[in-house]
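The structure file target-v5.cif is reproduced below (mmCIF, C-alpha atoms; chains and numbers go by the auth columns).
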```
data_query
#
loop_
_atom_site.group_PDB
_atom_site.id
_atom_site.type_symbol
_atom_site.label_atom_id
_atom_site.label_comp_id
_atom_site.label_asym_id
_atom_site.label_seq_id
_atom_site.Cartn_x
_atom_site.Cartn_y
_atom_site.Cartn_z
_atom_site.B_iso_or_equiv
_atom_site.auth_seq_id
_atom_site.auth_asym_id
ATOM 1 C CA MET A 1 -2.660 12.393 -16.118 0.00 16 A
ATOM 2 C CA LYS A 2 -4.628 15.129 -17.808 0.00 17 A
ATOM 3 C CA ASP A 3 -7.144 16.074 -15.093 0.00 18 A
ATOM 4 C CA LYS A 4 -5.330 18.830 -13.163 0.00 19 A
ATOM 5 C CA SER A 5 -7.945 19.050 -10.388 0.00 20 A
ATOM 6 C CA LEU A 6 -7.691 15.313 -9.749 0.00 21 A
ATOM 7 C CA LEU A 7 -3.895 15.525 -9.807 0.00 22 A
ATOM 8 C CA LYS A 8 -4.072 18.243 -7.136 0.00 23 A
ATOM 9 C CA ILE A 9 -6.201 15.976 -4.920 0.00 24 A
ATOM 10 C CA PHE A 10 -3.800 13.076 -5.475 0.00 25 A
ATOM 11 C CA LYS A 11 -0.767 15.187 -4.557 0.00 26 A
ATOM 12 C CA GLU A 12 -2.462 16.320 -1.349 0.00 27 A
ATOM 13 C CA ILE A 13 -3.281 12.767 -0.274 0.00 28 A
ATOM 14 C CA ILE A 14 0.232 11.591 -1.116 0.00 29 A
ATOM 15 C CA LYS A 15 2.045 14.362 0.745 0.00 30 A
ATOM 16 C CA THR A 16 -0.127 14.193 3.886 0.00 31 A
ATOM 17 C CA SER A 17 -0.096 10.418 4.415 0.00 32 A
ATOM 18 C CA ASN A 18 2.436 9.353 7.039 0.00 33 A
ATOM 19 C CA PHE A 19 2.436 5.777 5.834 0.00 34 A
ATOM 20 C CA VAL A 20 1.596 4.009 2.614 0.00 35 A
ATOM 21 C CA ASN A 21 0.495 0.421 2.143 0.00 36 A
ATOM 22 C CA LEU A 22 2.617 -1.577 -0.266 0.00 37 A
ATOM 23 C CA ALA A 23 1.327 -4.891 -1.596 0.00 38 A
ATOM 24 C CA THR A 24 3.501 -7.428 -3.367 0.00 39 A
ATOM 25 C CA VAL A 25 2.612 -10.906 -4.633 0.00 40 A
ATOM 26 C CA ASN A 26 3.846 -13.940 -2.715 0.00 41 A
ATOM 27 C CA PRO A 27 5.022 -17.148 -4.459 0.00 42 A
ATOM 28 C CA ASP A 28 1.535 -18.659 -4.089 0.00 43 A
ATOM 29 C CA GLY A 29 0.018 -15.740 -6.036 0.00 44 A
ATOM 30 C CA TYR A 30 -1.571 -13.977 -3.062 0.00 45 A
ATOM 31 C CA PRO A 31 -1.045 -10.310 -2.227 0.00 46 A
ATOM 32 C CA GLU A 32 0.817 -9.396 0.946 0.00 47 A
ATOM 33 C CA THR A 33 0.375 -5.857 2.245 0.00 48 A
ATOM 34 C CA ARG A 34 2.501 -3.946 4.716 0.00 49 A
ATOM 35 C CA ALA A 35 2.771 -0.354 5.917 0.00 50 A
ATOM 36 C CA MET A 36 5.809 1.551 4.671 0.00 51 A
ATOM 37 C CA LEU A 37 7.217 4.982 5.443 0.00 52 A
ATOM 38 C CA ASN A 38 5.902 7.571 3.007 0.00 53 A
ATOM 39 C CA LEU A 39 9.064 9.209 1.725 0.00 54 A
ATOM 40 C CA ARG A 40 6.881 11.687 -0.235 0.00 55 A
ATOM 41 C CA ASN A 41 5.635 13.276 3.014 0.00 56 A
ATOM 42 C CA PRO A 42 7.543 16.597 3.290 0.00 57 A
ATOM 43 C CA GLU A 43 6.868 16.949 7.026 0.00 58 A
ATOM 44 C CA MET A 44 8.659 13.677 7.653 0.00 59 A
ATOM 45 C CA PHE A 45 11.258 13.750 4.850 0.00 60 A
ATOM 46 C CA LEU A 46 11.734 17.320 3.636 0.00 61 A
ATOM 47 C CA LYS A 47 15.244 16.737 2.270 0.00 62 A
ATOM 48 C CA LEU A 48 14.047 13.905 0.049 0.00 63 A
ATOM 49 C CA GLN A 49 11.436 15.929 -1.844 0.00 64 A
ATOM 50 C CA LYS A 50 13.938 17.131 -4.449 0.00 65 A
ATOM 51 C CA LEU A 51 14.510 13.499 -5.474 0.00 66 A
ATOM 52 C CA PHE A 52 10.957 13.071 -6.754 0.00 67 A
ATOM 53 C CA THR A 53 10.680 14.218 -10.352 0.00 68 A
ATOM 54 C CA ASP A 54 7.604 12.189 -11.331 0.00 69 A
ATOM 55 C CA ASP A 55 4.207 12.387 -9.619 0.00 70 A
ATOM 56 C CA PHE A 56 3.610 8.664 -9.999 0.00 71 A
ATOM 57 C CA THR A 57 6.942 7.124 -9.028 0.00 72 A
ATOM 58 C CA PHE A 58 7.393 6.146 -5.394 0.00 73 A
ATOM 59 C CA TYR A 59 10.424 4.933 -3.475 0.00 74 A
ATOM 60 C CA PHE A 60 10.595 2.819 -0.343 0.00 75 A
ATOM 61 C CA THR A 61 13.323 1.666 1.975 0.00 76 A
ATOM 62 C CA THR A 62 13.437 -1.908 3.169 0.00 77 A
ATOM 63 C CA ASN A 63 15.712 -4.626 4.407 0.00 78 A
ATOM 64 C CA THR A 64 17.402 -6.719 1.734 0.00 79 A
ATOM 65 C CA SER A 65 16.608 -9.733 3.917 0.00 80 A
ATOM 66 C CA SER A 66 12.828 -9.054 3.892 0.00 81 A
ATOM 67 C CA GLN A 67 10.352 -11.415 2.251 0.00 82 A
ATOM 68 C CA LYS A 68 9.130 -8.649 -0.040 0.00 83 A
ATOM 69 C CA MET A 69 12.533 -8.579 -1.743 0.00 84 A
ATOM 70 C CA GLN A 70 12.180 -12.255 -2.652 0.00 85 A
ATOM 71 C CA GLN A 71 8.610 -11.659 -3.823 0.00 86 A
ATOM 72 C CA ILE A 72 9.628 -8.723 -6.047 0.00 87 A
ATOM 73 C CA SER A 73 12.409 -10.745 -7.647 0.00 88 A
ATOM 74 C CA LEU A 74 9.795 -13.344 -8.671 0.00 89 A
ATOM 75 C CA ASN A 75 6.915 -11.016 -9.568 0.00 90 A
ATOM 76 C CA ASP A 76 7.216 -7.257 -10.113 0.00 91 A
ATOM 77 C CA ASN A 77 3.460 -6.559 -9.943 0.00 92 A
ATOM 78 C CA ALA A 78 2.590 -4.407 -6.940 0.00 93 A
ATOM 79 C CA SER A 79 0.168 -1.853 -5.589 0.00 94 A
ATOM 80 C CA VAL A 80 0.494 1.209 -3.386 0.00 95 A
ATOM 81 C CA TYR A 81 -2.410 2.547 -1.325 0.00 96 A
ATOM 82 C CA PHE A 82 -2.595 5.933 0.375 0.00 97 A
ATOM 83 C CA VAL A 83 -5.314 6.390 2.987 0.00 98 A
ATOM 84 C CA LYS A 84 -7.220 9.650 2.937 0.00 99 A
ATOM 85 C CA GLU A 85 -7.094 10.403 6.663 0.00 100 A
ATOM 86 C CA ASN A 86 -10.366 11.051 8.516 0.00 101 A
ATOM 87 C CA SER A 87 -12.520 9.540 5.781 0.00 102 A
ATOM 88 C CA PHE A 88 -13.085 6.246 4.062 0.00 103 A
ATOM 89 C CA GLY A 89 -11.298 7.569 0.993 0.00 104 A
ATOM 90 C CA GLY A 90 -8.057 6.427 -0.491 0.00 105 A
ATOM 91 C CA LEU A 91 -5.833 6.376 -3.503 0.00 106 A
ATOM 92 C CA LEU A 92 -4.702 3.115 -5.081 0.00 107 A
ATOM 93 C CA PHE A 93 -1.955 2.772 -7.650 0.00 108 A
ATOM 94 C CA THR A 94 -1.118 -0.449 -9.440 0.00 109 A
ATOM 95 C CA GLY A 95 2.073 -0.916 -11.362 0.00 110 A
ATOM 96 C CA LYS A 96 5.550 -2.381 -11.350 0.00 111 A
ATOM 97 C CA ILE A 97 8.163 -2.409 -8.610 0.00 112 A
ATOM 98 C CA GLU A 98 11.897 -2.906 -8.899 0.00 113 A
ATOM 99 C CA ILE A 99 14.891 -3.209 -6.631 0.00 114 A
ATOM 100 C CA VAL A 100 17.226 -0.238 -7.052 0.00 115 A
ATOM 101 C CA LYS A 101 20.817 -1.430 -7.437 0.00 116 A
ATOM 102 C CA ASP A 102 22.439 1.960 -8.021 0.00 117 A
ATOM 103 C CA ILE A 103 24.498 2.916 -4.943 0.00 118 A
ATOM 104 C CA LYS A 104 24.279 6.640 -5.780 0.00 119 A
ATOM 105 C CA THR A 105 20.472 6.482 -5.619 0.00 120 A
ATOM 106 C CA LYS A 106 20.598 4.481 -2.402 0.00 121 A
ATOM 107 C CA ARG A 107 22.913 7.050 -0.820 0.00 122 A
ATOM 108 C CA SER A 108 20.763 9.955 -2.011 0.00 123 A
ATOM 109 C CA PHE A 109 17.778 8.586 -0.061 0.00 124 A
ATOM 110 C CA TRP A 110 19.753 7.783 3.073 0.00 125 A
ATOM 111 C CA GLN A 111 18.604 9.395 6.360 0.00 126 A
ATOM 112 C CA ASP A 112 20.829 9.402 9.451 0.00 127 A
ATOM 113 C CA GLY A 113 17.990 8.208 11.690 0.00 128 A
ATOM 114 C CA TRP A 114 17.812 4.954 9.761 0.00 129 A
ATOM 115 C CA THR A 115 20.895 3.514 11.467 0.00 130 A
ATOM 116 C CA MET A 116 18.464 1.903 13.902 0.00 131 A
ATOM 117 C CA TYR A 117 17.389 -0.332 10.983 0.00 132 A
ATOM 118 C CA TYR A 118 20.653 -0.437 9.016 0.00 133 A
ATOM 119 C CA LYS A 119 23.649 -0.333 11.347 0.00 134 A
ATOM 120 C CA GLY A 120 26.118 0.033 8.473 0.00 135 A
ATOM 121 C CA GLY A 121 24.479 3.179 7.095 0.00 136 A
ATOM 122 C CA ALA A 122 23.853 3.730 3.401 0.00 137 A
ATOM 123 C CA ASP A 123 26.374 1.033 2.504 0.00 138 A
ATOM 124 C CA ASP A 124 24.814 -1.590 4.786 0.00 139 A
ATOM 125 C CA PRO A 125 24.190 -4.718 2.681 0.00 140 A
ATOM 126 C CA ASP A 126 20.757 -5.032 4.346 0.00 141 A
ATOM 127 C CA TYR A 127 19.682 -1.524 3.200 0.00 142 A
ATOM 128 C CA ALA A 128 17.656 -1.515 0.000 0.00 143 A
ATOM 129 C CA ILE A 129 15.598 0.933 -2.039 0.00 144 A
ATOM 130 C CA LEU A 130 12.512 -0.049 -4.013 0.00 145 A
ATOM 131 C CA LYS A 131 11.120 1.950 -6.920 0.00 146 A
ATOM 132 C CA PHE A 132 7.426 1.683 -7.746 0.00 147 A
ATOM 133 C CA SER A 133 6.146 3.000 -11.087 0.00 148 A
ATOM 134 C CA ALA A 134 2.373 3.474 -11.212 0.00 149 A
ATOM 135 C CA LYS A 135 0.498 2.411 -14.339 0.00 150 A
ATOM 136 C CA GLU A 136 -3.136 2.822 -13.202 0.00 151 A
ATOM 137 C CA TYR A 137 -5.046 4.528 -10.396 0.00 152 A
ATOM 138 C CA LYS A 138 -8.320 4.244 -8.490 0.00 153 A
ATOM 139 C CA TYR A 139 -9.435 7.097 -6.282 0.00 154 A
ATOM 140 C CA TYR A 140 -12.113 6.521 -3.645 0.00 155 A
ATOM 141 C CA ASN A 141 -13.392 9.886 -2.419 0.00 156 A
ATOM 142 C CA GLY A 142 -15.069 8.453 0.694 0.00 157 A
ATOM 143 C CA GLN A 143 -18.529 9.252 -0.684 0.00 158 A
ATOM 144 C CA PHE A 144 -19.139 6.126 -2.757 0.00 159 A
ATOM 145 C CA GLU A 145 -17.530 7.549 -5.886 0.00 160 A
ATOM 146 C CA VAL A 146 -14.646 5.852 -7.655 0.00 161 A
ATOM 147 C CA VAL A 147 -12.536 7.399 -10.387 0.00 162 A
ATOM 148 C CA SER A 148 -10.035 5.228 -12.201 0.00 163 A
ATOM 149 C CA GLY A 149 -7.709 5.523 -15.132 0.00 164 A
ATOM 150 C CA LYS A 150 -4.309 4.937 -16.645 0.00 165 A
ATOM 151 C CA ILE A 151 -1.303 7.069 -15.797 0.00 166 A
#
```
Render the structure in this file as structure tokens.
Amino acid sequence: MKDKSLLKIFKEIIKTSNFVNLATVNPDGYPETRAMLNLRNPEMFLKLQKLFTDDFTFYFTTNTSSQKMQQISLNDNASVYFVKENSFGGLLFTGKIEIVKDIKTKRSFWQDGWTMYYKGGADDPDYAILKFSAKEYKYYNGQFEVVSGKI
């Protein structure tokens, strides 16, 4: 992305959103959207910030047994949407999502508080990491203006 002022706005929206909406495609071709923890939020996940080396790559934790895992294995098209709090604005990314198999990466994202979801810790077979790579963006500034482009 070449527009530095737009990149600054994007980074602010990304780091201040508590949750992010992730949409995957179900077997019938329809999108399914769910709220996910925003691991890029430094107030919630300060220790994870060093793991992000690309502005447009996002990681998510999920259960291996979730429907989204099955959907991703059939269709890797996905979108990620950050809501610009206190306005009608938002930031949409479309791109590809993959299931991270590397145990080192999975362990690097692990947070102790997640044992409530994954009793076996970072090595729990139901603990999974997803990696989303953005290809395009649409930014809605909340004032009827849309800016879009390729990453």
Around all the atoms of region 134-140 of chain A listed in the file, with 8 Å of room on each side, what axis-aligned box do you get, giving centre and edge lengths in Å to one decimal, as lines of an AutoDock Vina configuration file?
```
center_x = 25.0
center_y = -0.5
center_z = 6.9
size_x = 18.7
size_y = 24.4
size_z = 24.8
```
As a ChimeraX atom specification, please: the residues near region 81-98 of chain A (cut-off 8 Å, all atoms listed in the file, same-chain neighbours under 2 positions excluded).
/A:28-29,32,34-42,77-79,100,103-114,147
Next, dump the selected residues to file, keeping only C-alpha atoms, as a short mmCIF file (atom, residue, chain, number, x, y, z; two decimals), in the frame of the given file.
```cif
data_model
loop_
_atom_site.label_atom_id
_atom_site.label_comp_id
_atom_site.auth_asym_id
_atom_site.auth_seq_id
_atom_site.Cartn_x
_atom_site.Cartn_y
_atom_site.Cartn_z
CA ILE A 28 -3.28 12.77 -0.27
CA ILE A 29 0.23 11.59 -1.12
CA SER A 32 -0.10 10.42 4.42
CA PHE A 34 2.44 5.78 5.83
CA VAL A 35 1.60 4.01 2.61
CA ASN A 36 0.50 0.42 2.14
CA LEU A 37 2.62 -1.58 -0.27
CA ALA A 38 1.33 -4.89 -1.60
CA THR A 39 3.50 -7.43 -3.37
CA VAL A 40 2.61 -10.91 -4.63
CA ASN A 41 3.85 -13.94 -2.72
CA PRO A 42 5.02 -17.15 -4.46
CA THR A 77 13.44 -1.91 3.17
CA ASN A 78 15.71 -4.63 4.41
CA THR A 79 17.40 -6.72 1.73
CA GLU A 100 -7.09 10.40 6.66
CA PHE A 103 -13.08 6.25 4.06
CA GLY A 104 -11.30 7.57 0.99
CA GLY A 105 -8.06 6.43 -0.49
CA LEU A 106 -5.83 6.38 -3.50
CA LEU A 107 -4.70 3.12 -5.08
CA PHE A 108 -1.96 2.77 -7.65
CA THR A 109 -1.12 -0.45 -9.44
CA GLY A 110 2.07 -0.92 -11.36
CA LYS A 111 5.55 -2.38 -11.35
CA ILE A 112 8.16 -2.41 -8.61
CA GLU A 113 11.90 -2.91 -8.90
CA ILE A 114 14.89 -3.21 -6.63
CA PHE A 147 7.43 1.68 -7.75
#
```
Selected by the PyMOL selection byres ((chain A and resi 137) around 8) in the shown coordinates: which residues, as a list in words?
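This file, filtered by the PyMOL selection byres ((chain A and resi 137) around 8), leaves Lys121, Arg122, Trp125, Tyr133, Gly135, Gly136, Asp138, Asp139 and Tyr142 of chain A.
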Interatomic distance between CA of Gly164 (chain A) and CA of Asp69 (chain A)?
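These two atoms are separated by 17.1 Å.
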Hey, what's within 9 Å of region 16-22 of chain A if we count all atoms listed in the file and toss same-chain stuff fewer than 5 positions away? As a PDB file with C-alpha atoms, in the frame of the given file, please?
```pdb
ATOM      1  CA  GLU A  27      -2.462  16.320  -1.349  1.00  0.00           C
ATOM      2  CA  ASP A  70       4.207  12.387  -9.619  1.00  0.00           C
ATOM      3  CA  GLY A 164      -7.709   5.523 -15.132  1.00  0.00           C
ATOM      4  CA  LYS A 165      -4.309   4.937 -16.645  1.00  0.00           C
ATOM      5  CA  ILE A 166      -1.303   7.069 -15.797  1.00  0.00           C
TER       6      ILE A 166
END
```
CA of Leu66 (chain A) and CA of Thr120 (chain A) are how many Å apart?
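Taking CA of Leu66 (chain A) as the start and CA of Thr120 (chain A) as the end point, the length is 9.2 Å.
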If the PyMOL selection byres ((chain A and resi 33) around 9) were run on this exact file, what residues would it hold? Put them as a list of chain:residue names.
A:Ile29, A:Lys30, A:Thr31, A:Ser32, A:Phe34, A:Val35, A:Met51, A:Leu52, A:Asn53, A:Leu54, A:Arg55, A:Asn56, A:Glu58, A:Met59
For a test of reading the model, state the distance in Å between CA of Pro140 (chain A) and CA of Thr68 (chain A), rounded to one decimal.
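Computing the Euclidean distance for CA of Pro140 (chain A) and CA of Thr68 (chain A) yields 26.7 Å.
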Pick from A:Lys134, A:Phe25, A:Gln64, A:Lys99 nearest to Tyr152 (chain A), counting only C-alpha atoms
A:Phe25
Residue contacts of Gln126 (chain A) (10 Å, all atoms listed in the file) excluding same-chain residues fewer than 2 positions away, as a PDB file with C-alpha atoms, in the frame of the given file:
```
ATOM      1  CA  PHE A  60      11.258  13.750   4.850  1.00  0.00           C
ATOM      2  CA  LYS A  62      15.244  16.737   2.270  1.00  0.00           C
ATOM      3  CA  LEU A  63      14.047  13.905   0.049  1.00  0.00           C
ATOM      4  CA  ARG A 122      22.913   7.050  -0.820  1.00  0.00           C
ATOM      5  CA  SER A 123      20.763   9.955  -2.011  1.00  0.00           C
ATOM      6  CA  PHE A 124      17.778   8.586  -0.061  1.00  0.00           C
ATOM      7  CA  GLY A 128      17.990   8.208  11.690  1.00  0.00           C
ATOM      8  CA  TRP A 129      17.812   4.954   9.761  1.00  0.00           C
ATOM      9  CA  THR A 130      20.895   3.514  11.467  1.00  0.00           C
ATOM     10  CA  GLY A 136      24.479   3.179   7.095  1.00  0.00           C
ATOM     11  CA  ALA A 137      23.853   3.730   3.401  1.00  0.00           C
TER      12      ALA A 137
END
```
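Candidate residues A:Leu61, A:Thr72, A:Gly44, A:Val115 were compared for distance to Leu145 (chain A), and the nearest is A:Val115, using only C-alpha atoms.
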Shortest interatomic distance to Arg49 (chain A) - which of A:Phe67, A:Phe75, A:Phe159, A:Ile24, counting all atoms listed in the file:
A:Phe75
Please write a file for region 21-123 of chain A, taken from the block I just shared, that holds C-alpha atoms and is laid out as a compact mmCIF listing (two decimals), in the first residue's frame.
```
# COMPACT_ATOMS: atom_id res chain seq x y z
CA LEU A 21 -4.48 5.75 4.61
CA LEU A 22 -2.17 3.11 6.07
CA LYS A 23 -2.02 5.11 9.31
CA ILE A 24 -5.84 5.16 9.49
CA PHE A 25 -5.98 1.42 8.79
CA LYS A 26 -3.44 0.64 11.52
CA GLU A 27 -5.43 2.69 14.03
CA ILE A 28 -8.68 0.89 13.24
CA ILE A 29 -6.97 -2.50 13.39
CA LYS A 30 -5.22 -1.92 16.72
CA THR A 31 -8.26 -0.41 18.48
CA SER A 32 -10.87 -2.99 17.46
CA ASN A 33 -11.51 -5.54 20.20
CA PHE A 34 -13.08 -7.99 17.80
CA VAL A 35 -12.92 -8.61 14.08
CA ASN A 36 -15.52 -10.24 11.87
CA LEU A 37 -14.25 -13.19 9.86
CA ALA A 38 -16.32 -14.51 6.97
CA THR A 39 -15.71 -17.85 5.30
CA VAL A 40 -17.69 -19.57 2.55
CA ASN A 41 -19.91 -22.52 3.44
CA PRO A 42 -20.30 -25.58 1.16
CA ASP A 43 -23.41 -24.05 -0.42
CA GLY A 44 -21.41 -20.97 -1.49
CA TYR A 45 -22.82 -18.57 1.11
CA PRO A 46 -20.70 -16.46 3.44
CA GLU A 47 -20.79 -17.17 7.16
CA THR A 48 -19.54 -14.42 9.47
CA ARG A 49 -18.48 -14.65 13.09
CA ALA A 50 -16.75 -12.40 15.60
CA MET A 51 -13.17 -13.34 16.43
CA LEU A 52 -10.65 -12.04 18.95
CA ASN A 53 -8.48 -9.34 17.41
CA LEU A 54 -4.97 -10.56 18.16
CA ARG A 55 -3.61 -7.30 16.66
CA ASN A 56 -5.09 -5.27 19.54
CA PRO A 57 -2.09 -4.41 21.79
CA GLU A 58 -4.27 -3.63 24.81
CA MET A 59 -5.63 -7.16 24.74
CA PHE A 60 -2.59 -9.05 23.38
CA LEU A 61 0.55 -6.98 23.93
CA LYS A 62 2.92 -9.97 23.87
CA LEU A 63 1.68 -11.04 20.45
CA GLN A 64 2.48 -7.77 18.67
CA LYS A 65 6.05 -8.82 17.88
CA LEU A 66 4.68 -11.72 15.81
CA PHE A 67 3.09 -9.42 13.24
CA THR A 68 5.59 -8.48 10.56
CA ASP A 69 3.11 -7.61 7.79
CA ASP A 70 0.38 -4.97 8.04
CA PHE A 71 -2.07 -7.06 6.04
CA THR A 72 -1.66 -10.54 7.50
CA PHE A 73 -3.97 -11.50 10.35
CA TYR A 74 -4.05 -14.52 12.63
CA PHE A 75 -6.95 -16.05 14.50
CA THR A 76 -7.38 -18.81 17.02
CA THR A 77 -10.18 -21.31 16.68
CA ASN A 78 -11.24 -24.81 17.51
CA THR A 79 -10.14 -27.50 15.08
CA SER A 80 -13.64 -28.94 15.44
CA SER A 81 -15.35 -25.71 14.27
CA GLN A 82 -17.34 -25.52 11.04
CA LYS A 83 -15.07 -22.77 9.73
CA MET A 84 -12.18 -25.23 9.60
CA GLN A 85 -14.17 -27.48 7.27
CA GLN A 86 -15.19 -24.47 5.18
CA ILE A 87 -11.59 -23.25 4.84
CA SER A 88 -10.40 -26.68 3.75
CA LEU A 89 -12.95 -26.54 0.89
CA ASN A 90 -12.65 -22.86 -0.03
CA ASP A 91 -9.85 -20.53 1.09
CA ASN A 92 -11.64 -17.30 0.09
CA ALA A 93 -12.42 -15.17 3.14
CA SER A 94 -12.94 -11.64 4.36
CA VAL A 95 -12.04 -9.77 7.53
CA TYR A 96 -13.97 -6.71 8.70
CA PHE A 97 -12.89 -4.25 11.38
CA VAL A 98 -15.56 -1.92 12.74
CA LYS A 99 -14.59 1.70 13.25
CA GLU A 100 -16.07 2.16 16.73
CA ASN A 101 -18.52 5.02 17.31
CA SER A 102 -19.20 5.54 13.62
CA PHE A 103 -20.64 3.70 10.68
CA GLY A 104 -17.15 3.25 9.28
CA GLY A 105 -15.21 0.08 8.80
CA LEU A 106 -12.36 -1.62 7.08
CA LEU A 107 -12.89 -4.68 4.90
CA PHE A 108 -10.15 -6.96 3.64
CA THR A 109 -10.71 -9.78 1.19
CA GLY A 110 -8.15 -12.46 0.58
CA LYS A 111 -7.10 -16.01 1.32
CA ILE A 112 -7.11 -17.91 4.60
CA GLU A 113 -5.15 -20.99 5.56
CA ILE A 114 -4.86 -23.37 8.47
CA VAL A 115 -1.46 -23.07 10.15
CA LYS A 116 0.04 -26.52 10.70
CA ASP A 117 3.38 -25.41 12.14
CA ILE A 118 3.48 -26.23 15.87
CA LYS A 119 6.12 -23.55 16.54
CA THR A 120 3.78 -20.86 15.19
CA LYS A 121 0.87 -22.28 17.16
CA ARG A 122 2.92 -22.21 20.36
CA SER A 123 4.15 -18.68 19.69
```
